[in-house]
Amino acid sequence: MNWLKRRRRTFVLILTVGVGVLAWSKGVLGAERREPADPYKGIRESTLRYVALGTPDDLLRLLDARNKTEQELQRLKLDRLPEGQEQLVQQQKELKNLKDRLAESQTLLQLLGATCLEKKAKRQPGDSSAQDRLVADLCGRNDEVRKRIDGLEKEVRSGKARYLLSLEEEKGALVRLLSMRKEWLVEEYAANSDPSACSVDARKCLRQKLKILCRLQLLVSDAEQLGIQMLIHEVDIQLKVSHYPSATICDYDRHDFGM
């Protein structure tokens with residue numbers, strides 16, 4: 001058990017030192033910045049509505065929104081458009097139809113043993129046979145289809161580039177928001193770890209610490225999970241509210257935490 005106590009003390013020390021560094025860096029950076037950056041800049045309106053920041057469970061929805069944005073990015077990079085991009089979907093459908101029409105015309109020209117280049121080179125004012133008229137008509141339509149294909153391909157590339165940029169901006173903004181939430185939780189935990197903070201209502205203070213730790217557990221890296229779970233287990237022992245393993249204590253009390 002001694003090693004567990006040492007690990008706990010080390011982890012709490014890391015949290016406390018981290019809070020001090022964050023407070024110092026905020027003071028220095030705050031002095032340099034005249035206007036704070038908008039933390040929601042780059043996040044799409046639909047995503048903000050889904051997350052509904054400031055309401056219960058917003059942290060879970062924030063994590064879910066980040067995961068969905070990452071999935072959209074991967075789909076786009078695989079040239080698979082996510083749902084909700086109707087304009088790009090319609091453009092790609094039209095592009096496929098135009099390419100199919102062009103391929104069909106090319107097949108007919110091959111069956112006629114003619115090409116548009118040959119037709120243009122041999123065109124005579126008196127050409128009037130049915131085959132000549134058909135070849136001329138097919139070549140004229142092919143020119144129009146190729147122009148439309150070129151234009152559509154540029155529009156699709158441009159639309160995908162704008163969409164990719166918006167997804168990357170949103171992902172960056174969501175990651176920053178989650179990082180901010182983690183900083184706030186670390187600061188709040190450190191404040192509740194002050195002996196004077198729990199002098200009035202120790203049980204309420206312990207439940208607040210458990211709530212904070214359960215939220216932090218969602219945001220920390222795999223390497224930090226063990227330290228968080230040790231702290232959760234210790235608080236749970238003091239509260240004597242459950243006999244569940246530390247990994248499920250947060251699920252047991254989540255309805256009380258407004259997560």
# chains A, B, ... in the order shown; residues from 1 in each chain; ligands from 1
$ residues_around --residues "segment 111-118 of chain A" --least-positions-apart "5" --cutoff "8 Å" --atoms "only C-alpha atoms" --output "list in words"
Gln131, Val135, Ala136 and Cys139 of chain A
$ residues_around --residues "Ile43 of chain A" --least-positions-apart "2" --cutoff "12 Å" --atoms "only C-alpha atoms" --output "PyMOL selection string"
chain A and resi 38-41+45-51+62+65-66+69+165-177
$ atom_distance --atom1 "atom CA of Asp132 of chain A" --atom2 "atom CA of Ile149 of chain A"
25.5 Å
$ residues_around --residues "Gly151 of chain A" --least-positions-apart "6" --cutoff "12 Å" --atoms "only C-alpha atoms" --output "NGL selection string"
:A and (91 or 94-95 or 98 or 144-145 or 157-158)
$ closest_residue --among "A:Leu219, A:Leu73, A:Ala161, A:Leu152" --to "Leu59 of chain A" --atoms "only C-alpha atoms"
A:Leu219
$ residues_around --residues "Cys198 of chain A" --least-positions-apart "6" --cutoff "12 Å" --atoms "only C-alpha atoms" --output "ChimeraX atom specification"
/A:189-192,204-209
$ write_last_selection --atoms "C-alpha atoms" --output "PDB file, in the first residue's frame"
ATOM      1  CA  TYR A 189      -9.729  19.870  -8.142  1.00  0.00           C
ATOM      2  CA  ALA A 190      -6.711  21.657  -6.692  1.00  0.00           C
ATOM      3  CA  ALA A 191      -8.991  24.222  -5.043  1.00  0.00           C
ATOM      4  CA  ASN A 192     -11.077  21.446  -3.472  1.00  0.00           C
ATOM      5  CA  LYS A 204     -20.179  17.479  -0.087  1.00  0.00           C
ATOM      6  CA  CYS A 205     -16.581  18.398  -0.821  1.00  0.00           C
ATOM      7  CA  LEU A 206     -15.643  14.760  -1.432  1.00  0.00           C
ATOM      8  CA  ARG A 207     -18.565  14.294  -3.837  1.00  0.00           C
ATOM      9  CA  GLN A 208     -17.456  17.403  -5.696  1.00  0.00           C
ATOM     10  CA  LYS A 209     -13.922  15.992  -5.974  1.00  0.00           C
TER      11      LYS A 209
END
$ atom_distance --atom1 "atom CA of Leu216 of chain A" --atom2 "atom CA of Leu185 of chain A"
6.7 Å
$ closest_residue --among "A:Leu76, A:Leu164, A:Ala37, A:Cys250" --to "His233 of chain A" --atoms "only C-alpha atoms"
A:Cys250
$ closest_residue --among "A:Leu178, A:Val235, A:Val89, A:Leu134" --to "Asp58 of chain A" --atoms "only C-alpha atoms"
A:Leu178
$ select_by_dssp --residues "segment 41-216 of chain A" --states "helix (DSSP H, G or I)" --output "PyMOL selection string"
chain A and resi 45-51+58-77+86-111+116-122+130-192+195-198+202-216
$ atom_distance --atom1 "atom CA of Leu231 of chain A" --atom2 "atom CA of Leu213 of chain A"
7.6 Å
